[in-house]
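Asks: The structure follows.
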Amino acid sequence: MEAINSVSRSNIYMQLAQKRADLANIDKKEQEKTTQESYDKTNEVNNQYNQKDYDLVLGKFKKLDTETKAHEQAHAANAPTTTPINYNYQVGPDGKLYANGGSVRYDTSIPEDEGSANYKLEQLQNAASAPNELSAADAQIAKTANLNRMLLQSQEESF
């Protein structure tokens, strides 16, 4: 009987060990599930945050691109140019190029005829100051064109 009890006890201990192992596996799976859910929630928040940041940065790139192109086109529309508009580009977060600066090369040759010269200098001054927000270069060009026009007018008056 003692041998049977010993076998029974062994079976009982084995079954208990198996149950404990099963419970440990269940606990482990529950812990992994809880950890994964927590990670997913954190990542979901981070993904939303990252998407908001991405959209914000991309919007800034697009806005600067639009403003830059409008600014340079306003310059080019008001006076004769020698070359097409030259844009400076930067790669945005989506891999596309966005204009972040530019320049317009004006035809600054002064005609011999005083009336034409005066008209051209006025065009240059207006073209340089055409956009609402002037850069330092824009202001300098407008100032130089105005000074040259004033010089031309003073020369006309002295003759």
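Residues are named by chain letter and number: chains run A, B, ... in the order of the structure tokens, numbers start at 1 in each chain, and ligands are numbered from 1 in the order shown.
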When DSSP is applied to the backbone of this structure, which of stretch 66-156 of chain A are assigned strand (DSSP E)? Write them out as a PyMOL selection string.

Replies: chain A and resi 86-91+97-103

Asks: Which residues are near stretch 98-101 of chain A? Cut-off 9 Å, only C-alpha atoms, ignore same chain within fewer than 3 positions. Put them as an mmCIF file with N, CA and C atoms, in the first residue's frame.

Replies:
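File produced: selection_39.cif:
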data_model
loop_
_atom_site.group_PDB
_atom_site.id
_atom_site.type_symbol
_atom_site.label_atom_id
_atom_site.label_comp_id
_atom_site.auth_asym_id
_atom_site.auth_seq_id
_atom_site.Cartn_x
_atom_site.Cartn_y
_atom_site.Cartn_z
ATOM 1 N N PHE A 61 6.936 73.636 -44.405
ATOM 2 C CA PHE A 61 7.682 73.547 -45.660
ATOM 3 C C PHE A 61 6.810 74.012 -46.827
ATOM 4 N N LYS A 62 5.567 73.542 -46.861
ATOM 5 C CA LYS A 62 4.665 73.904 -47.958
ATOM 6 C C LYS A 62 4.356 75.401 -47.942
ATOM 7 N N LEU A 64 6.230 77.866 -46.654
ATOM 8 C CA LEU A 64 7.425 78.606 -47.065
ATOM 9 C C LEU A 64 7.622 78.503 -48.571
ATOM 10 N N ASP A 65 7.375 77.343 -49.141
ATOM 11 C CA ASP A 65 7.504 77.144 -50.580
ATOM 12 C C ASP A 65 6.559 78.078 -51.332
ATOM 13 N N THR A 66 5.313 78.120 -50.905
ATOM 14 C CA THR A 66 4.311 78.976 -51.551
ATOM 15 C C THR A 66 4.683 80.450 -51.415
ATOM 16 N N GLU A 67 5.075 80.855 -50.207
ATOM 17 C CA GLU A 67 5.438 82.254 -49.975
ATOM 18 C C GLU A 67 6.669 82.650 -50.786
ATOM 19 N N THR A 68 7.663 81.771 -50.824
ATOM 20 C CA THR A 68 8.899 82.056 -51.560
ATOM 21 C C THR A 68 8.620 82.228 -53.043
ATOM 22 N N LYS A 69 7.833 81.315 -53.608
ATOM 23 C CA LYS A 69 7.541 81.400 -55.042
ATOM 24 C C LYS A 69 6.725 82.651 -55.369
ATOM 25 N N GLU A 72 9.188 85.752 -55.170
ATOM 26 C CA GLU A 72 10.104 85.880 -56.308
ATOM 27 C C GLU A 72 9.343 86.187 -57.597
ATOM 28 N N ASN A 86 15.655 81.926 -59.904
ATOM 29 C CA ASN A 86 16.509 80.887 -59.324
ATOM 30 C C ASN A 86 16.026 80.617 -57.899
ATOM 31 N N TYR A 87 15.573 79.395 -57.647
ATOM 32 C CA TYR A 87 15.094 79.033 -56.310
ATOM 33 C C TYR A 87 16.127 78.195 -55.580
ATOM 34 N N ASN A 88 16.198 78.384 -54.272
ATOM 35 C CA ASN A 88 16.982 77.514 -53.399
ATOM 36 C C ASN A 88 15.997 76.498 -52.822
ATOM 37 N N TYR A 89 16.392 75.234 -52.821
ATOM 38 C CA TYR A 89 15.480 74.187 -52.371
ATOM 39 C C TYR A 89 16.023 73.454 -51.158
ATOM 40 N N GLN A 90 15.090 72.911 -50.400
ATOM 41 C CA GLN A 90 15.424 72.069 -49.260
ATOM 42 C C GLN A 90 14.505 70.851 -49.331
ATOM 43 N N VAL A 91 15.028 69.702 -48.956
ATOM 44 C CA VAL A 91 14.238 68.481 -48.964
ATOM 45 C C VAL A 91 13.358 68.465 -47.720
ATOM 46 N N GLY A 92 12.070 68.267 -47.945
ATOM 47 C CA GLY A 92 11.114 68.207 -46.835
ATOM 48 C C GLY A 92 11.072 66.821 -46.220
#

Asks: Please return, as an MDAnalysis selection string, all residues of stretch 102-142 of chain A that DSSP assigns to alpha helix (DSSP H) on the basis of the backbone.

Replies: chainID A and resid 114:128 136:142

Asks: Would you export the selected residues with N, CA, C and O atoms as a PDB file, in the first residue's frame, please?

Replies:
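Output (result29.pdb):
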ATOM      1  N   GLU A 114      17.220 109.261 -71.844  1.00  0.00           N
ATOM      2  CA  GLU A 114      16.958 109.600 -70.438  1.00  0.00           C
ATOM      3  C   GLU A 114      15.563 109.194 -69.986  1.00  0.00           C
ATOM      4  O   GLU A 114      15.379 108.732 -68.869  1.00  0.00           O
ATOM      5  N   GLY A 115      14.588 109.332 -70.837  1.00  0.00           N
ATOM      6  CA  GLY A 115      13.212 108.953 -70.495  1.00  0.00           C
ATOM      7  C   GLY A 115      13.107 107.453 -70.270  1.00  0.00           C
ATOM      8  O   GLY A 115      12.479 106.989 -69.309  1.00  0.00           O
ATOM      9  N   SER A 116      13.737 106.699 -71.160  1.00  0.00           N
ATOM     10  CA  SER A 116      13.735 105.235 -71.023  1.00  0.00           C
ATOM     11  C   SER A 116      14.526 104.805 -69.789  1.00  0.00           C
ATOM     12  O   SER A 116      14.134 103.873 -69.082  1.00  0.00           O
ATOM     13  N   ALA A 117      15.626 105.499 -69.542  1.00  0.00           N
ATOM     14  CA  ALA A 117      16.445 105.175 -68.361  1.00  0.00           C
ATOM     15  C   ALA A 117      15.653 105.436 -67.093  1.00  0.00           C
ATOM     16  O   ALA A 117      15.663 104.613 -66.158  1.00  0.00           O
ATOM     17  N   ASN A 118      14.976 106.551 -67.037  1.00  0.00           N
ATOM     18  CA  ASN A 118      14.171 106.904 -65.869  1.00  0.00           C
ATOM     19  C   ASN A 118      13.059 105.861 -65.664  1.00  0.00           C
ATOM     20  O   ASN A 118      12.810 105.412 -64.538  1.00  0.00           O
ATOM     21  N   TYR A 119      12.404 105.470 -66.759  1.00  0.00           N
ATOM     22  CA  TYR A 119      11.334 104.474 -66.687  1.00  0.00           C
ATOM     23  C   TYR A 119      11.878 103.125 -66.190  1.00  0.00           C
ATOM     24  O   TYR A 119      11.271 102.474 -65.338  1.00  0.00           O
ATOM     25  N   LYS A 120      13.029 102.721 -66.709  1.00  0.00           N
ATOM     26  CA  LYS A 120      13.609 101.435 -66.323  1.00  0.00           C
ATOM     27  C   LYS A 120      14.025 101.441 -64.853  1.00  0.00           C
ATOM     28  O   LYS A 120      13.813 100.467 -64.131  1.00  0.00           O
ATOM     29  N   LEU A 121      14.614 102.544 -64.392  1.00  0.00           N
ATOM     30  CA  LEU A 121      14.994 102.631 -62.980  1.00  0.00           C
ATOM     31  C   LEU A 121      13.761 102.595 -62.067  1.00  0.00           C
ATOM     32  O   LEU A 121      13.787 101.996 -60.996  1.00  0.00           O
ATOM     33  N   GLU A 122      12.685 103.207 -62.518  1.00  0.00           N
ATOM     34  CA  GLU A 122      11.435 103.154 -61.751  1.00  0.00           C
ATOM     35  C   GLU A 122      10.906 101.725 -61.710  1.00  0.00           C
ATOM     36  O   GLU A 122      10.433 101.253 -60.681  1.00  0.00           O
ATOM     37  N   GLN A 123      10.995 101.026 -62.853  1.00  0.00           N
ATOM     38  CA  GLN A 123      10.586  99.610 -62.900  1.00  0.00           C
ATOM     39  C   GLN A 123      11.402  98.779 -61.911  1.00  0.00           C
ATOM     40  O   GLN A 123      10.837  97.954 -61.183  1.00  0.00           O
ATOM     41  N   LEU A 124      12.712  98.990 -61.913  1.00  0.00           N
ATOM     42  CA  LEU A 124      13.581  98.229 -61.011  1.00  0.00           C
ATOM     43  C   LEU A 124      13.237  98.513 -59.543  1.00  0.00           C
ATOM     44  O   LEU A 124      13.185  97.599 -58.713  1.00  0.00           O
ATOM     45  N   GLN A 125      13.002  99.769 -59.248  1.00  0.00           N
ATOM     46  CA  GLN A 125      12.643 100.125 -57.870  1.00  0.00           C
ATOM     47  C   GLN A 125      11.322  99.466 -57.483  1.00  0.00           C
ATOM     48  O   GLN A 125      11.195  98.894 -56.402  1.00  0.00           O
ATOM     49  N   ASN A 126      10.333  99.529 -58.369  1.00  0.00           N
ATOM     50  CA  ASN A 126       9.030  98.915 -58.086  1.00  0.00           C
ATOM     51  C   ASN A 126       9.130  97.397 -57.980  1.00  0.00           C
ATOM     52  O   ASN A 126       8.485  96.787 -57.126  1.00  0.00           O
ATOM     53  N   ALA A 127       9.937  96.777 -58.846  1.00  0.00           N
ATOM     54  CA  ALA A 127      10.077  95.321 -58.821  1.00  0.00           C
ATOM     55  C   ALA A 127      10.758  94.871 -57.537  1.00  0.00           C
ATOM     56  O   ALA A 127      10.364  93.875 -56.925  1.00  0.00           O
ATOM     57  N   ALA A 128      11.765  95.612 -57.115  1.00  0.00           N
ATOM     58  CA  ALA A 128      12.489  95.225 -55.899  1.00  0.00           C
ATOM     59  C   ALA A 128      11.616  95.371 -54.667  1.00  0.00           C
ATOM     60  O   ALA A 128      11.741  94.608 -53.708  1.00  0.00           O
ATOM     61  N   ALA A 136      16.667  92.131 -47.147  1.00  0.00           N
ATOM     62  CA  ALA A 136      17.715  93.158 -47.152  1.00  0.00           C
ATOM     63  C   ALA A 136      18.183  93.433 -48.580  1.00  0.00           C
ATOM     64  O   ALA A 136      18.424  94.585 -48.955  1.00  0.00           O
ATOM     65  N   ALA A 137      18.291  92.382 -49.383  1.00  0.00           N
ATOM     66  CA  ALA A 137      18.714  92.544 -50.778  1.00  0.00           C
ATOM     67  C   ALA A 137      17.667  93.331 -51.563  1.00  0.00           C
ATOM     68  O   ALA A 137      18.008  94.193 -52.376  1.00  0.00           O
ATOM     69  N   ASP A 138      16.389  93.042 -51.315  1.00  0.00           N
ATOM     70  CA  ASP A 138      15.308  93.768 -51.994  1.00  0.00           C
ATOM     71  C   ASP A 138      15.394  95.260 -51.678  1.00  0.00           C
ATOM     72  O   ASP A 138      15.305  96.112 -52.574  1.00  0.00           O
ATOM     73  N   ALA A 139      15.551  95.577 -50.414  1.00  0.00           N
ATOM     74  CA  ALA A 139      15.610  96.974 -49.986  1.00  0.00           C
ATOM     75  C   ALA A 139      16.817  97.675 -50.605  1.00  0.00           C
ATOM     76  O   ALA A 139      16.724  98.839 -51.023  1.00  0.00           O
ATOM     77  N   GLN A 140      17.945  96.988 -50.679  1.00  0.00           N
ATOM     78  CA  GLN A 140      19.159  97.579 -51.247  1.00  0.00           C
ATOM     79  C   GLN A 140      18.977  97.862 -52.736  1.00  0.00           C
ATOM     80  O   GLN A 140      19.381  98.921 -53.228  1.00  0.00           O
ATOM     81  N   ILE A 141      18.347  96.939 -53.451  1.00  0.00           N
ATOM     82  CA  ILE A 141      18.117  97.155 -54.886  1.00  0.00           C
ATOM     83  C   ILE A 141      17.176  98.329 -55.103  1.00  0.00           C
ATOM     84  O   ILE A 141      17.417  99.188 -55.958  1.00  0.00           O
ATOM     85  N   ALA A 142      16.103  98.385 -54.327  1.00  0.00           N
ATOM     86  CA  ALA A 142      15.150  99.492 -54.453  1.00  0.00           C
ATOM     87  C   ALA A 142      15.836 100.824 -54.143  1.00  0.00           C
ATOM     88  O   ALA A 142      15.629 101.826 -54.844  1.00  0.00           O
TER      89      ALA A 142
END

Asks: Pick from A:Asp94, A:Ala130, A:Asp107, A:Lys19: nearest to A:Gln73, with only C-alpha atoms counted?

Replies: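 Answer, going by the shortest atom-to-atom distance: A:Ala130.
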
Asks: Of the candidates A:Ile110, A:Ala70, A:Leu23, A:Ile12, which shows the shortest atom-to-atom distance to A:Leu152, using only C-alpha atoms?

Replies: A:Ile110

Asks: Would you mind telling me which residue in A:Ala145, A:Arg105, A:Leu97, A:Asn25 lies nearest to A:Ile85 when using only C-alpha atoms?

Replies: A:Arg105

Asks: To one decimal in Å, tell me the separation between atom CA of A:Ser154 and atom CA of A:Asp113.

Replies: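 Interatomic distance, atom CA of A:Ser154 to atom CA of A:Asp113: 15.0 Å.
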
Asks: Nearest to A:Ala74: which of A:Thr144, A:Gln18, A:Thr35, A:Ser103 is it, counting only C-alpha atoms?

Replies: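 Between A:Thr144, A:Gln18, A:Thr35, A:Ser103, the residue approaching A:Ala74 most closely is A:Ser103.
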